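Right, one structure below, let's go through it.
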Amino acid sequence: MVKRDGSKEPFDRSKVVAGLMKAIKNRPVSEKQVSQLVDRVEEKLRRKAPVVTTQEVGVEVLTLLRRLDDVAYLRFASVYKDFKELTDFERELGILLPKREPAGSADHRRGARSSRARAKR
């Protein structure tokens with residue numbers, strides 16, 4: 001595995017598991033689910049290339065973790081992506097949360113259309 005500084009070291013499953021265990025603390029995610037997630041990461045990266053970067057490992061972990069638990073994802077991302085500011089969390093939340101209309105705006109438009117329709121009658 002190639003680290004960010006360019007040095008190489010073997011893939012260490014225990015480091016990935018340790019990081020995930022911190023991210024899932026007090027979350028409804030089991031150790032078995034973590035183990036299965038790391039298994040999938042390893043399988044995918046082995047198929048990809050003989051040498052992978054720590055960035056590729058992190059991205060794959062984040063991709064799978066996001067499907068498992070949003071809070072654990074955000075915790076892991078905050079360490080992996082080295083969040084420094086509140087805006088880093090806001091940016092990541094913007095990715096996680098679907099774009100939603102403000103509460104009541106659809107009902108308000110529907111009501112406006114109905115009153116316009118009644119006015120035409």
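We name chains A, B, ... following the order of the structure tokens; residues begin at 1 in each chain, and ligands are numbered from 1 as shown.
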
Backbone-only DSSP, alpha helix (DSSP H) members of chain A, as an NGL selection string: :A and (13-23 or 31-48 or 54-68 or 70-80 or 86-96 or 105-120)

Distance query A:Phe11 at most 9 Å, only C-alpha atoms, self and fewer than 4 positions along chain excluded, as a list of chain:residue names: A:Met1, A:Lys15, A:Glu42, A:Val52, A:Thr54

Can I get the selected residues back with N, CA and C atoms, as a short mmCIF file (atom, residue, chain, number, x, y, z; two decimals), in the first residue's frame?
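Result saved to result33.cif:
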```
data_model
loop_
_atom_site.label_atom_id
_atom_site.label_comp_id
_atom_site.auth_asym_id
_atom_site.auth_seq_id
_atom_site.Cartn_x
_atom_site.Cartn_y
_atom_site.Cartn_z
N MET A 1 0.84 -1.16 0.00
CA MET A 1 0.00 0.00 0.00
C MET A 1 0.90 1.24 0.00
N LYS A 15 -5.69 -1.77 11.40
CA LYS A 15 -5.79 -0.30 11.44
C LYS A 15 -7.14 0.16 10.93
N GLU A 42 -11.19 -5.18 1.24
CA GLU A 42 -10.01 -5.96 0.84
C GLU A 42 -10.22 -6.65 -0.50
N VAL A 52 -2.17 -0.50 -3.92
CA VAL A 52 -3.19 0.54 -3.84
C VAL A 52 -2.71 1.64 -2.91
N THR A 54 -3.44 4.56 0.14
CA THR A 54 -4.28 4.71 1.34
C THR A 54 -5.54 5.50 0.99
#
```

Determine, for each residue of stretch 55-109 of chain A having at least one atom at most 8 Å from an atom of stretch 21-36 of chain A, the closest pair of atoms and their separation in Å to one decimal, counting only C-alpha atoms; order by chain and ascending number, as CSV.
```
residue,atom,partner,partner_atom,distance
A:Leu68,CA,A:Val29,CA,7.7
A:Asp69,CA,A:Val29,CA,7.5
A:Val71,CA,A:Arg27,CA,7.8
A:Ala72,CA,A:Ala23,CA,4.7
A:Tyr73,CA,A:Ala23,CA,7.2
A:Arg75,CA,A:Ala23,CA,5.3
A:Phe76,CA,A:Ala23,CA,5.4
```

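Reported to one decimal place, the separation of atom CA of A:Leu64 from atom CA of A:Gly94 is 18.1 Å.
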
- prompt: Pick the closest to A:Ala18 from A:Val51, A:Val38, A:Leu96, A:Leu74: which is it, counting only C-alpha atoms?
  reply: A:Val38

- prompt: Do you know which residues are at most 10 Å from A:Gln55 counting only C-alpha atoms, after dropping those on the same chain fewer than 6 positions away, and could you put them as a ChimeraX atom specification?
  reply: /A:1-4,61,80-81

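Between A:Arg66 and the candidates A:Ile95, A:Arg47, A:Glu85, A:Glu90, the tightest atom-to-atom separation, counting only C-alpha atoms, involves A:Ile95.
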
task: Mind giving me the straight-line distance from atom CA of A:Gly19 to atom CA of A:Thr53 in Å, one decimal?
output: 16.8 Å

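The nearest approach to A:Arg13 among the residues A:Val57, A:Leu86, A:Ala49, A:Leu62, with only C-alpha atoms taken into account, belongs to A:Val57.
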